[in-house]
>>> print(open('my_file-v2.txt').read())   # compact mmCIF, C-alpha atoms
# COMPACT_ATOMS: atom_id res chain seq x y z
CA MET A 1 4.70 -7.58 -0.07
CA GLY A 2 6.93 -4.65 -1.00
CA VAL A 3 10.07 -3.50 0.70
CA LEU A 4 9.97 -0.17 2.50
CA ASN A 5 12.05 2.55 0.93
CA GLU A 6 14.77 3.33 3.49
CA ILE A 7 14.66 7.02 2.57
CA ASN A 8 11.11 7.59 3.76
CA VAL A 9 11.16 5.34 6.85
CA LEU A 10 12.17 6.90 10.15
CA GLN A 11 12.62 4.62 13.14
CA LYS A 12 14.18 6.24 16.15
CA LYS A 13 13.65 7.52 19.63
CA MET A 14 11.74 10.79 19.47
CA ASP A 15 10.18 13.25 21.88
CA ARG A 16 7.31 15.70 21.35
CA ILE A 17 9.68 18.58 20.54
CA GLN A 18 11.36 16.55 17.80
CA LEU A 19 7.96 15.51 16.44
CA GLN A 20 6.83 19.13 16.36
CA ALA A 21 10.03 20.09 14.52
CA LEU A 22 9.34 17.32 12.00
CA LEU A 23 5.77 18.56 11.50
CA ASP A 24 6.99 22.15 11.13
CA SER A 25 9.43 21.13 8.38
CA ASN A 26 7.27 18.50 6.69
CA ARG A 27 6.70 19.18 2.98
CA ASP A 28 4.44 16.22 2.24
CA TRP A 29 2.33 13.63 4.02
CA LEU A 30 3.65 12.20 7.29
CA VAL A 31 2.36 8.84 8.53
CA ILE A 32 3.03 7.75 12.10
CA ALA A 33 2.55 4.16 13.26
CA LEU A 34 2.51 3.70 17.04
CA TRP A 35 3.16 0.21 18.37
CA ALA A 36 4.86 -1.83 21.11
CA PRO A 37 6.62 -5.21 20.92
CA TRP A 38 4.49 -6.64 23.77
CA CYS A 39 1.16 -5.60 22.18
CA GLY A 40 -0.86 -8.52 20.76
CA PRO A 41 -3.00 -6.42 18.36
CA CYS A 42 0.20 -4.66 17.19
CA LYS A 43 1.74 -8.04 16.30
CA THR A 44 -1.42 -8.94 14.38
CA ALA A 45 -1.55 -5.65 12.47
CA GLU A 46 2.18 -5.22 11.84
CA PRO A 47 2.50 -7.31 8.64
CA LEU A 48 -0.48 -5.54 7.09
CA ILE A 49 0.71 -2.08 8.13
CA GLN A 50 4.18 -2.79 6.77
CA ALA A 51 2.71 -4.04 3.48
CA TYR A 52 0.69 -0.85 3.03
CA ALA A 53 3.60 1.33 4.18
CA ALA A 54 5.83 -0.31 1.56
CA LYS A 55 3.45 0.97 -1.12
CA LEU A 56 3.49 4.58 0.04
CA PRO A 57 5.00 7.05 -2.43
CA THR A 58 8.62 7.84 -1.56
CA LYS A 59 7.68 11.45 -0.85
CA VAL A 60 5.57 10.31 2.12
CA ALA A 61 7.53 10.11 5.39
CA TYR A 62 6.68 7.02 7.46
CA LEU A 63 7.51 7.14 11.16
CA HIS A 64 7.38 3.82 13.03
CA LEU A 65 7.46 4.60 16.78
CA ASN A 66 7.67 2.17 19.67
CA VAL A 67 5.59 3.75 22.45
CA ASP A 68 7.93 2.34 25.10
CA THR A 69 10.95 4.25 23.74
CA CYS A 70 8.92 7.24 22.49
CA TYR A 71 6.59 7.59 25.45
CA ASP A 72 6.76 11.39 25.38
CA VAL A 73 5.28 11.44 21.86
CA TYR A 74 2.63 8.90 22.83
CA ALA A 75 1.69 10.90 25.95
CA ALA A 76 1.47 14.15 23.96
CA LEU A 77 -0.77 12.53 21.34
CA LYS A 78 -2.92 10.91 24.03
CA ALA A 79 -3.28 14.26 25.83
CA LYS A 80 -4.57 15.76 22.55
CA LYS A 81 -6.98 12.80 22.26
CA GLN A 82 -5.31 11.65 19.02
CA VAL A 83 -4.81 8.08 20.24
CA ARG A 84 -6.76 5.88 22.61
CA GLY A 85 -4.40 2.92 22.48
CA ILE A 86 -2.16 0.95 20.16
CA PRO A 87 -1.71 0.07 17.42
CA ALA A 88 -2.53 3.51 16.08
CA LEU A 89 -1.96 5.17 12.72
CA LEU A 90 -1.92 8.93 12.25
CA ALA A 91 -1.53 10.89 9.02
CA TYR A 92 -0.67 14.55 8.66
CA LYS A 93 -1.17 16.58 5.49
CA PRO A 94 1.72 18.82 4.41
CA GLU A 95 0.13 22.03 5.67
CA ASN A 96 -0.69 20.57 9.10
CA ARG A 97 1.74 21.85 11.74
CA THR A 98 -0.25 20.62 14.77
CA LEU A 99 -0.38 17.34 16.67
CA MET A 100 -3.99 16.98 15.51
CA ALA A 101 -3.91 14.29 12.79
CA ASP A 102 -5.88 14.72 9.58
CA ILE A 103 -6.58 10.97 9.38
CA SER A 104 -6.32 8.34 12.09
CA CYS A 105 -6.99 4.67 12.72
CA SER A 106 -6.75 2.56 15.88
CA GLY A 107 -6.73 -1.19 16.28
CA SER A 108 -5.91 -4.13 14.07
CA ASP A 109 -8.98 -4.28 11.81
CA ALA A 110 -7.71 -4.99 8.29
CA MET A 111 -10.48 -3.03 6.59
CA GLU A 112 -9.89 0.08 8.71
CA ILE A 113 -6.14 -0.09 8.10
CA GLY A 114 -6.73 -0.42 4.35
CA THR A 115 -9.13 2.53 4.38
CA PHE A 116 -6.60 4.61 6.32
CA PHE A 117 -3.79 3.99 3.83
CA GLY A 118 -6.18 4.55 0.92
CA LYS A 119 -6.69 8.14 2.09
CA VAL A 120 -2.98 8.98 2.41
CA GLY A 121 -1.14 10.73 -0.38
>>> encode(input="my_file-v2.txt", output="structure tokens")
Amino acid sequence: MGVLNEINVLQKKMDRIQLQALLDSNRDWLVIALWAPWCGPCKTAEPLIQAYAAKLPTKVAYLHLNVDTCYDVYAALKAKKQVRGIPALLAYKPENRTLMADISCSGSDAMEIGTFFGKVG
């Protein structure tokens, strides 16, 4: 398993306005992983997601958001029908300035997570 490049990993509290600002300024792919520490499927998927995220090119921004501390982002994405639950993965192409993800994946299925990351970049 690789080690995530600290430059392209963003872990912080964020609201929908900050996410929109990030999308507006994004110059390459943006991957968002939504999770919660109490979520069983999140705990199952986390090692696999982190392994794939560690292999992302350094130009790809990876945002790892806890839905409990970033509930505003989660609610905005849910309102746009971009997520049904967690864990969820969303990917945005550089030209995408909307909350509507270009690629998404929900749940802890290893094959779906692998397919998701295979399409990014």
>>> residues_around(input="my_file-v2.txt", residues="region 35-43 of chain A", least_positions_apart="4", cutoff="10 Å", atoms="only C-alpha atoms", output="list of chain:residue names")
A:Pro47, A:Leu48, A:Ile49, A:His64, A:Leu65, A:Asn66, A:Val67, A:Asp68, A:Thr69, A:Cys70, A:Tyr74, A:Gly85, A:Ile86, A:Pro87, A:Ala88, A:Leu89, A:Gly107, A:Ser108, A:Asp109
>>> atom_distance(input="my_file-v2.txt", atom1="CA of Pro57 (chain A)", atom2="CA of Ile17 (chain A)")
26.1 Å
>>> atom_distance(input="my_file-v2.txt", atom1="CA of Ala21 (chain A)", atom2="CA of Val73 (chain A)")
12.3 Å
>>> axis_aligned_box(input="my_file-v2.txt", around="region 96-114 of chain A", padding_each_side="5 Å", output="AutoDock Vina command-line options")
--center_x -4.4 --center_y 8.4 --center_z 10.5 --size_x 22.2 --size_y 36.8 --size_z 22.3
>>> closest_residue(input="my_file-v2.txt", among="A:Val31, A:Met14, A:Met100, A:Leu19", to="Lys80 (chain A)", atoms="only C-alpha atoms")
A:Met100
>>> atom_distance(input="my_file-v2.txt", atom1="CA of Arg16 (chain A)", atom2="CA of Glu46 (chain A)")
23.5 Å
>>> residues_around(input="my_file-v2.txt", residues="Pro94 (chain A)", least_positions_apart="2", cutoff="9 Å", atoms="all atoms listed in the file", output="NGL selection string")
:A and (23 or 25-30 or 92 or 96-97)
>>> residues_around(input="my_file-v2.txt", residues="Ala76 (chain A)", least_positions_apart="4", cutoff="10 Å", atoms="all atoms listed in the file", output="ChimeraX atom specification")
/A:15-17,71-72,80-83,99
>>> closest_residue(input="my_file-v2.txt", among="A:Ala54, A:Met111, A:Leu63, A:Ser106", to="Arg84 (chain A)", atoms="all atoms listed in the file")
A:Ser106
